[in-house]
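So this block is structure-v5.txt, compact mmCIF, C-alpha atoms:
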# COMPACT_ATOMS: atom_id res chain seq x y z
CA MET L 1 -71.30 147.26 166.48
CA TYR L 2 -70.46 150.14 168.81
CA PHE L 3 -72.09 148.60 171.86
CA ASN L 4 -70.44 145.25 171.16
CA GLY L 5 -67.01 146.88 171.07
CA GLN L 6 -66.58 146.29 167.35
CA ALA L 7 -66.77 149.88 166.11
CA SER L 8 -63.88 151.24 164.09
CA GLY L 9 -63.17 154.31 162.00
CA SER L 10 -64.22 157.79 162.98
CA PHE L 11 -64.06 158.52 166.69
CA PHE L 12 -66.45 161.40 166.03
CA ALA L 13 -69.02 158.97 164.60
CA GLU L 14 -68.61 156.71 167.65
CA ARG L 15 -69.12 159.66 169.99
CA SER L 16 -72.23 160.72 168.10
CA MET L 17 -73.66 157.19 168.18
CA ARG L 18 -73.18 156.98 171.93
CA LEU L 19 -74.94 160.33 172.40
CA MET L 20 -77.81 159.17 170.19
CA GLU L 21 -78.45 155.84 171.92
CA ALA L 22 -76.67 155.31 175.23
CA ALA L 23 -78.48 155.52 178.54
CA ASP L 24 -75.51 157.42 180.02
CA TRP L 25 -75.53 160.02 177.24
CA HIS L 26 -75.67 162.94 179.71
CA SER L 27 -72.58 162.03 181.72
CA TYR L 28 -70.80 161.16 178.49
CA TYR L 29 -71.65 164.53 176.94
CA SER L 30 -70.61 166.36 180.12
CA ALA L 31 -67.19 164.68 179.94
CA LEU L 32 -66.54 165.65 176.30
CA HIS L 33 -63.90 168.29 175.71
CA GLU L 34 -65.29 170.96 173.39
CA PRO L 35 -68.18 168.95 171.90
CA SER L 36 -69.04 169.81 168.31
CA GLU L 37 -72.23 171.59 167.28
CA ILE L 38 -73.68 168.32 165.98
CA GLU L 39 -72.93 166.54 169.26
CA THR L 40 -74.52 169.42 171.17
CA LEU L 41 -77.63 169.26 168.97
CA ILE L 42 -77.94 165.52 169.62
CA ALA L 43 -77.59 166.10 173.37
CA LEU L 44 -80.19 168.89 173.29
CA GLY L 45 -82.60 166.63 171.42
CA ARG L 46 -82.20 163.92 174.05
CA GLU L 47 -82.57 166.46 176.86
CA PHE L 48 -85.85 167.66 175.38
CA ASP L 49 -86.96 164.03 174.95
CA GLU L 50 -86.24 163.15 178.57
CA TYR L 51 -87.76 166.37 179.86
CA LEU L 52 -91.07 165.57 178.22
CA HIS L 53 -90.85 162.09 179.75
CA TRP L 54 -90.70 163.64 183.24
CA ASN L 55 -86.96 163.74 183.83
CA HIS L 56 -85.79 167.15 185.02
CA GLY L 57 -82.25 166.31 186.04
CA HIS L 58 -80.10 167.10 183.01
CA ALA L 59 -80.35 170.69 181.75
CA VAL L 60 -77.61 170.42 179.12
CA SER L 61 -78.80 173.75 177.76
CA HIS L 62 -77.78 175.45 181.01
CA ARG L 63 -74.19 174.21 180.68
CA ILE L 64 -73.53 175.53 177.17
CA ALA L 65 -71.37 178.65 176.93
CA PRO L 66 -73.58 181.70 176.21
CA ASP L 67 -71.87 182.53 172.90
CA LEU L 68 -72.27 178.94 171.63
CA TRP L 69 -75.88 178.83 172.84
CA ASP L 70 -76.67 182.07 171.00
CA GLU L 71 -75.11 180.66 167.82
CA LEU L 72 -77.06 177.41 168.14
CA VAL L 73 -80.31 179.27 168.75
CA LYS L 74 -79.66 181.33 165.62
CA LEU L 75 -79.08 178.18 163.53
CA LEU L 76 -82.10 176.38 164.98
CA ALA L 77 -84.36 179.39 164.57
CA ALA L 78 -83.39 179.64 160.90
CA ALA L 79 -84.23 175.95 160.38
CA ALA L 80 -87.41 175.85 162.50
CA PRO L 81 -90.18 174.12 160.50
CA ASP L 82 -92.81 176.49 161.92
CA PRO L 83 -92.67 179.75 163.93
CA ILE L 84 -94.58 178.06 166.74
CA PHE L 85 -91.40 176.14 167.64
CA LEU L 86 -89.31 179.26 168.22
CA LYS L 87 -90.46 179.73 171.80
CA LEU L 88 -89.05 176.29 172.64
CA LEU L 89 -85.58 177.77 172.18
CA ASP L 90 -85.83 180.07 175.18
CA ASP L 91 -85.18 177.37 177.77
CA PHE L 92 -85.82 173.64 177.27
CA ASN L 93 -86.37 173.17 180.98
CA LEU L 94 -89.23 175.65 181.01
CA VAL L 95 -91.06 174.05 178.08
CA PRO L 96 -94.71 173.31 178.97
CA PHE L 97 -95.61 169.64 179.08
CA ASP L 98 -98.78 170.28 177.06
CA LEU L 99 -97.53 170.82 173.53
CA SER L 100 -100.81 169.99 171.82
CA GLU L 101 -100.75 173.33 170.00
CA HIS L 102 -97.51 172.20 168.33
CA GLN L 103 -98.99 168.90 167.16
CA ALA L 104 -100.22 169.95 163.71
CA ALA L 105 -96.93 171.65 162.84
CA ALA L 106 -94.97 168.63 164.12
CA ASP L 107 -97.10 166.31 161.97
CA THR L 108 -96.57 168.41 158.88
CA PHE L 109 -92.79 168.45 159.29
CA LEU L 110 -92.61 164.71 160.00
CA GLY L 111 -94.48 164.16 156.76
CA GLU L 112 -91.94 166.28 154.93
CA VAL L 113 -89.03 164.36 156.50
CA ALA L 114 -90.64 161.02 155.67
CA ASN L 115 -91.20 162.02 152.07
CA ARG L 116 -87.81 163.58 151.40
CA TYR L 117 -85.67 160.88 153.02
CA PHE L 118 -87.73 157.69 152.81
CA ILE L 119 -89.71 155.73 150.23
CA ILE L 120 -93.37 156.08 151.23
CA GLU L 121 -95.70 153.12 150.70
CA TYR L 122 -98.96 154.92 150.05
CA ASP L 123 -99.38 157.05 146.92
CA HIS L 124 -101.83 159.47 148.50
CA HIS L 125 -99.11 160.54 151.00
CA ARG L 126 -96.21 160.67 148.57
CA LEU L 127 -94.37 163.86 147.62
CA GLU L 128 -92.02 163.93 144.67
CA GLY L 129 -88.30 164.55 145.04
CA ASP L 130 -85.99 164.63 148.03
CA TRP L 131 -83.87 167.23 149.78
CA SER L 132 -80.40 167.94 148.47
CA PRO L 133 -77.55 165.63 149.52
CA TRP L 134 -76.03 165.98 152.98
CA SER L 135 -75.24 169.56 153.92
CA PRO L 136 -73.45 170.11 157.26
CA GLN L 137 -75.03 173.57 157.43
CA GLU L 138 -78.60 172.33 157.04
CA GLU L 139 -79.20 168.70 157.92
CA PRO L 140 -78.05 168.55 161.57
CA THR L 141 -80.52 171.29 162.48
CA ARG L 142 -83.20 169.74 160.26
CA PHE L 143 -82.81 166.36 161.98
CA PHE L 144 -82.80 168.06 165.37
CA TRP L 145 -86.25 169.47 164.60
CA ALA L 146 -87.36 166.11 163.20
CA TYR L 147 -86.40 164.50 166.50
CA ILE L 148 -88.23 167.21 168.47
CA CYS L 149 -91.34 166.70 166.32
CA LEU L 150 -91.21 162.93 166.96
CA VAL L 151 -91.00 163.54 170.69
CA ILE L 152 -93.93 165.97 170.62
CA SER L 153 -96.08 163.56 168.63
CA GLY L 154 -95.11 160.62 170.83
CA ALA L 155 -95.69 162.45 174.11
CA GLY L 156 -98.99 163.87 172.94
CA GLY L 157 -100.37 160.51 171.87
CA ARG L 158 -101.92 162.12 168.82
CA GLY L 159 -100.84 162.76 165.26
CA ARG L 160 -98.67 159.66 164.89
CA ARG L 161 -99.62 159.45 161.25
CA TRP L 162 -96.02 159.26 160.06
CA PHE L 163 -94.53 157.02 162.74
CA PHE L 164 -95.08 153.77 160.83
CA GLU L 165 -93.71 155.30 157.62
CA LEU L 166 -90.59 156.54 159.39
CA ALA L 167 -90.08 153.34 161.38
CA PHE L 168 -90.32 150.84 158.53
CA ALA L 169 -89.59 152.73 155.30
CA THR L 170 -86.44 152.37 153.21
CA THR L 171 -84.19 155.40 152.74
CA LYS L 172 -84.15 156.95 149.28
CA ARG L 173 -80.35 157.07 149.23
CA PRO L 174 -77.53 155.63 151.33
CA PRO L 175 -77.66 157.15 154.82
CA SER L 176 -75.35 160.03 155.62
CA PHE L 177 -72.03 159.47 157.39
CA LEU L 178 -73.50 159.94 160.89
CA GLY L 179 -76.79 158.28 159.96
CA MET L 180 -78.92 160.99 161.54
CA GLU L 181 -81.91 159.93 159.44
CA LEU L 182 -81.51 156.46 160.95
CA TRP L 183 -81.49 158.09 164.40
CA ILE L 184 -84.92 159.53 163.59
CA GLN L 185 -86.05 156.12 162.28
CA ARG L 186 -84.88 154.30 165.42
CA ARG L 187 -86.64 156.76 167.71
CA ALA L 188 -89.87 156.46 165.72
CA LEU L 189 -89.67 152.69 166.11
CA THR L 190 -88.97 152.77 169.85
CA LEU L 191 -91.84 155.21 170.41
CA LEU L 192 -94.15 152.86 168.52
CA VAL L 193 -93.09 149.91 170.67
CA MET L 194 -93.56 152.01 173.81
CA SER L 195 -97.08 153.00 172.81
CA ASP L 196 -98.35 149.94 170.88
CA GLY L 197 -96.16 147.11 172.14
CA PRO L 198 -94.07 144.62 170.12
CA GLY L 199 -97.18 143.54 168.23
CA ILE L 200 -96.30 146.17 165.63
CA PHE L 201 -93.85 143.59 164.24
CA ASN L 202 -96.53 140.94 163.64
CA PRO L 203 -96.86 141.64 159.89
CA ARG L 204 -93.17 142.48 159.49
CA GLU L 205 -90.92 139.71 158.28
CA PRO L 206 -88.12 138.83 158.85
CA VAL L 207 -88.05 141.08 161.92
CA ARG L 208 -90.98 139.29 163.55
CA SER L 209 -89.39 135.85 163.14
CA ALA L 210 -86.11 137.15 164.53
CA LEU L 211 -87.88 138.54 167.59
CA VAL L 212 -89.76 135.31 168.15
CA GLN L 213 -86.53 133.32 167.91
CA CYS L 214 -84.83 135.68 170.35
CA ALA L 215 -87.75 135.31 172.76
CA HIS L 216 -87.59 131.52 172.54
CA ALA L 217 -83.83 131.58 173.10
CA ALA L 218 -84.21 133.90 176.10
CA ILE L 219 -86.85 131.62 177.63
CA ALA L 220 -84.64 128.58 177.04
CA ARG L 221 -81.72 130.32 178.76
CA LYS L 222 -83.92 131.22 181.71
CA LEU L 223 -85.14 127.62 181.96
CA ASP L 224 -81.54 126.38 181.92
CA GLU L 225 -80.66 128.85 184.68
CA LEU L 226 -83.70 127.78 186.69
CA GLU L 227 -82.76 124.10 186.35
CA ARG L 228 -79.20 124.85 187.48
CA THR L 229 -80.50 126.82 190.45
CA LEU L 230 -82.84 124.00 191.46
CA ALA L 231 -80.03 121.49 191.14
CA GLU L 232 -77.78 123.65 193.34
CA LEU L 233 -80.55 123.98 195.94
CA ASN L 234 -81.02 120.19 195.94
CA ASP L 235 -77.28 119.74 196.45
CA VAL L 236 -77.35 122.16 199.39
CA GLU L 237 -80.29 120.30 200.92
CA ARG L 238 -78.50 116.96 200.63
CA ILE L 239 -75.32 118.39 202.18
CA GLU L 240 -77.26 119.98 205.06
CA SER L 241 -79.23 116.82 205.71

Would you put the structure from the file into structure tokens?
Amino acid sequence: MYFNGQASGSFFAERSMRLMEAADWHSYYSALHEPSEIETLIALGREFDEYLHWNHGHAVSHRIAPDLWDELVKLLAAAAPDPIFLKLLDDFNLVPFDLSEHQAAADTFLGEVANRYFIIEYDHHRLEGDWSPWSPQEEPTRFFWAYICLVISGAGGRGRRWFFELAFATTKRPPSFLGMELWIQRRALTLLVMSDGPGIFNPREPVRSALVQCAHAAIARKLDELERTLAELNDVERIES
């Protein structure tokens, strides 16, 4: 709805959605006047994501005021799922590309996120209960680490045990106002498509049928455009002759 110009309601939610998904998130974040902590966490997550995908040009963390950075580091350190992640908070743009030593801890935390927020298909993975309802003090930092763990697992090409659960599972309760759990779900899905291709939708209905229909419609549009182009070229040839 946002990208089709149909969004309404909270401007803060619209800003957060753009930071989560837009290609121009960095310039958008840089233009924000006094971004909130949640918006800064989203931007930091995307910076880390792009850094591990070989893009060094953003460095949002270098533009944050020192006092705010110190406060964010304190919050993130308190919520870190494993002590091994603490060294990532020193400087995102000095993070080593080989994060294989973080893989096991990332996997464990993704499993916890999947179990507490989503309905897991397989009994042998299932944990009972979920985390408490939305808490502004806890969940933004928790979802920040969930996003970081997804990126680590996706970049490492190993330990993607929870990606399918996160991508296709149903939430245990209605998503929170900003839908940060859906942000994690969308990123898990896009990472799966990047690594495995659109064939992951083959057993998934009605998504598969919708994709096939969209593909057919896109091909039909291209054929129509090609026919129009050929007709125009024929007209030009007749005029020139």

Quick one: residues within 12 Å of L:Pro35, all atoms listed in the file counted, chain neighbours fewer than 2 positions away excluded, as a short mmCIF file (atom, residue, chain, number, x, y, z; two decimals) with C-alpha atoms, in the frame of the given file?
data_model
loop_
_atom_site.label_atom_id
_atom_site.label_comp_id
_atom_site.auth_asym_id
_atom_site.auth_seq_id
_atom_site.Cartn_x
_atom_site.Cartn_y
_atom_site.Cartn_z
CA PHE L 12 -66.45 161.40 166.03
CA ARG L 15 -69.12 159.66 169.99
CA SER L 16 -72.23 160.72 168.10
CA LEU L 19 -74.94 160.33 172.40
CA TYR L 28 -70.80 161.16 178.49
CA TYR L 29 -71.65 164.53 176.94
CA SER L 30 -70.61 166.36 180.12
CA ALA L 31 -67.19 164.68 179.94
CA LEU L 32 -66.54 165.65 176.30
CA HIS L 33 -63.90 168.29 175.71
CA GLU L 37 -72.23 171.59 167.28
CA ILE L 38 -73.68 168.32 165.98
CA GLU L 39 -72.93 166.54 169.26
CA THR L 40 -74.52 169.42 171.17
CA LEU L 41 -77.63 169.26 168.97
CA ILE L 42 -77.94 165.52 169.62
CA ALA L 43 -77.59 166.10 173.37
CA VAL L 60 -77.61 170.42 179.12
CA ARG L 63 -74.19 174.21 180.68
CA ILE L 64 -73.53 175.53 177.17
CA ALA L 65 -71.37 178.65 176.93
CA LEU L 68 -72.27 178.94 171.63
#

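Distance cut-off 12 Å, centre (-90.0, 148.0, 168.2), atoms counted all atoms listed in the file; the residues meeting this are Phe163, Phe164, Ala167, Phe168, Gln185, Arg186, Arg187, Ala188, Leu189, Thr190, Leu191, Leu192, Val193, Met194, Ser195, Asp196, Gly197, Pro198, Gly199, Ile200, Phe201, Asn202, Arg204, Val207, Arg208 and Leu211 of chain L.
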
Around all the atoms of stretch 80-94 of chain L listed in the file, draw an axis-aligned box and extend it by 3 Å on each of the six sides; I want its centre and edge lengths in Å to one decimal, as lines of an AutoDock Vina configuration file.
center_x = -89.9
center_y = 176.6
center_z = 170.8
size_x = 15.4
size_y = 12.9
size_z = 26.5

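With atom CA of L:Ala106 on one side and atom CA of L:Ile84 on the other, the separation reads 9.8 Å.
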
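When atom CA of L:Leu150 is paired with atom CA of L:Ile184, their separation reads 7.9 Å.
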
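For L:Gly111, the list of residues within 9 Å, based on only C-alpha atoms and with local chain neighbours fewer than 6 positions off taken out, reads His125, Arg161, Trp162, Glu165 and Leu166 of chain L.
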
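Interatomic distance, atom CA of L:Glu227 against atom CA of L:Ala215: 18.3 Å.
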
Could you give me stretch 202-227 of chain L completed to N, CA and C atoms, formatted as a PDB file, in the coordinates of the input?
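So out_14.pdb came out as:
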ATOM      1  N   ASN L 202     -95.825 142.138 164.089  1.00  0.00           N
ATOM      2  CA  ASN L 202     -96.530 140.940 163.640  1.00  0.00           C
ATOM      3  C   ASN L 202     -96.546 140.778 162.123  1.00  0.00           C
ATOM      4  N   PRO L 203     -96.847 141.833 161.344  1.00  0.00           N
ATOM      5  CA  PRO L 203     -96.860 141.640 159.890  1.00  0.00           C
ATOM      6  C   PRO L 203     -95.502 141.872 159.240  1.00  0.00           C
ATOM      7  N   ARG L 204     -94.471 142.074 160.041  1.00  0.00           N
ATOM      8  CA  ARG L 204     -93.170 142.480 159.490  1.00  0.00           C
ATOM      9  C   ARG L 204     -92.201 141.316 159.518  1.00  0.00           C
ATOM     10  N   GLU L 205     -91.926 140.753 158.382  1.00  0.00           N
ATOM     11  CA  GLU L 205     -90.920 139.710 158.280  1.00  0.00           C
ATOM     12  C   GLU L 205     -89.703 140.290 157.539  1.00  0.00           C
ATOM     13  N   PRO L 206     -88.483 139.899 157.904  1.00  0.00           N
ATOM     14  CA  PRO L 206     -88.120 138.830 158.850  1.00  0.00           C
ATOM     15  C   PRO L 206     -87.950 139.309 160.292  1.00  0.00           C
ATOM     16  N   VAL L 207     -88.267 140.575 160.571  1.00  0.00           N
ATOM     17  CA  VAL L 207     -88.050 141.080 161.920  1.00  0.00           C
ATOM     18  C   VAL L 207     -88.858 140.290 162.942  1.00  0.00           C
ATOM     19  N   ARG L 208     -90.125 140.007 162.604  1.00  0.00           N
ATOM     20  CA  ARG L 208     -90.980 139.290 163.550  1.00  0.00           C
ATOM     21  C   ARG L 208     -90.378 137.926 163.896  1.00  0.00           C
ATOM     22  N   SER L 209     -89.960 137.184 162.881  1.00  0.00           N
ATOM     23  CA  SER L 209     -89.390 135.850 163.140  1.00  0.00           C
ATOM     24  C   SER L 209     -88.135 135.951 163.998  1.00  0.00           C
ATOM     25  N   ALA L 210     -87.329 136.970 163.739  1.00  0.00           N
ATOM     26  CA  ALA L 210     -86.110 137.150 164.530  1.00  0.00           C
ATOM     27  C   ALA L 210     -86.446 137.426 165.991  1.00  0.00           C
ATOM     28  N   LEU L 211     -87.468 138.252 166.224  1.00  0.00           N
ATOM     29  CA  LEU L 211     -87.880 138.540 167.590  1.00  0.00           C
ATOM     30  C   LEU L 211     -88.421 137.305 168.293  1.00  0.00           C
ATOM     31  N   VAL L 212     -89.215 136.531 167.560  1.00  0.00           N
ATOM     32  CA  VAL L 212     -89.760 135.310 168.150  1.00  0.00           C
ATOM     33  C   VAL L 212     -88.626 134.346 168.514  1.00  0.00           C
ATOM     34  N   GLN L 213     -87.657 134.202 167.625  1.00  0.00           N
ATOM     35  CA  GLN L 213     -86.530 133.320 167.910  1.00  0.00           C
ATOM     36  C   GLN L 213     -85.740 133.798 169.115  1.00  0.00           C
ATOM     37  N   CYS L 214     -85.544 135.126 169.201  1.00  0.00           N
ATOM     38  CA  CYS L 214     -84.830 135.680 170.350  1.00  0.00           C
ATOM     39  C   CYS L 214     -85.601 135.412 171.641  1.00  0.00           C
ATOM     40  N   ALA L 215     -86.923 135.556 171.577  1.00  0.00           N
ATOM     41  CA  ALA L 215     -87.750 135.310 172.760  1.00  0.00           C
ATOM     42  C   ALA L 215     -87.648 133.848 173.197  1.00  0.00           C
ATOM     43  N   HIS L 216     -87.718 132.933 172.216  1.00  0.00           N
ATOM     44  CA  HIS L 216     -87.590 131.520 172.540  1.00  0.00           C
ATOM     45  C   HIS L 216     -86.217 131.217 173.152  1.00  0.00           C
ATOM     46  N   ALA L 217     -85.177 131.814 172.581  1.00  0.00           N
ATOM     47  CA  ALA L 217     -83.830 131.580 173.100  1.00  0.00           C
ATOM     48  C   ALA L 217     -83.696 132.131 174.518  1.00  0.00           C
ATOM     49  N   ALA L 218     -84.284 133.307 174.765  1.00  0.00           N
ATOM     50  CA  ALA L 218     -84.210 133.900 176.100  1.00  0.00           C
ATOM     51  C   ALA L 218     -84.930 133.025 177.125  1.00  0.00           C
ATOM     52  N   ILE L 219     -86.107 132.501 176.730  1.00  0.00           N
ATOM     53  CA  ILE L 219     -86.850 131.620 177.630  1.00  0.00           C
ATOM     54  C   ILE L 219     -86.062 130.345 177.907  1.00  0.00           C
ATOM     55  N   ALA L 220     -85.436 129.799 176.865  1.00  0.00           N
ATOM     56  CA  ALA L 220     -84.640 128.580 177.040  1.00  0.00           C
ATOM     57  C   ALA L 220     -83.479 128.832 177.991  1.00  0.00           C
ATOM     58  N   ARG L 221     -82.818 129.998 177.851  1.00  0.00           N
ATOM     59  CA  ARG L 221     -81.720 130.320 178.760  1.00  0.00           C
ATOM     60  C   ARG L 221     -82.216 130.430 180.195  1.00  0.00           C
ATOM     61  N   LYS L 222     -83.371 131.072 180.369  1.00  0.00           N
ATOM     62  CA  LYS L 222     -83.920 131.220 181.710  1.00  0.00           C
ATOM     63  C   LYS L 222     -84.270 129.857 182.318  1.00  0.00           C
ATOM     64  N   LEU L 223     -84.812 128.964 181.475  1.00  0.00           N
ATOM     65  CA  LEU L 223     -85.140 127.620 181.960  1.00  0.00           C
ATOM     66  C   LEU L 223     -83.882 126.876 182.378  1.00  0.00           C
ATOM     67  N   ASP L 224     -82.808 127.023 181.570  1.00  0.00           N
ATOM     68  CA  ASP L 224     -81.540 126.380 181.920  1.00  0.00           C
ATOM     69  C   ASP L 224     -81.019 126.919 183.259  1.00  0.00           C
ATOM     70  N   GLU L 225     -81.115 128.248 183.430  1.00  0.00           N
ATOM     71  CA  GLU L 225     -80.660 128.850 184.680  1.00  0.00           C
ATOM     72  C   GLU L 225     -81.506 128.360 185.854  1.00  0.00           C
ATOM     73  N   LEU L 226     -82.813 128.250 185.626  1.00  0.00           N
ATOM     74  CA  LEU L 226     -83.700 127.780 186.690  1.00  0.00           C
ATOM     75  C   LEU L 226     -83.364 126.337 187.072  1.00  0.00           C
ATOM     76  N   GLU L 227     -83.109 125.489 186.073  1.00  0.00           N
ATOM     77  CA  GLU L 227     -82.760 124.100 186.350  1.00  0.00           C
ATOM     78  C   GLU L 227     -81.447 124.019 187.133  1.00  0.00           C
TER      79      GLU L 227
END
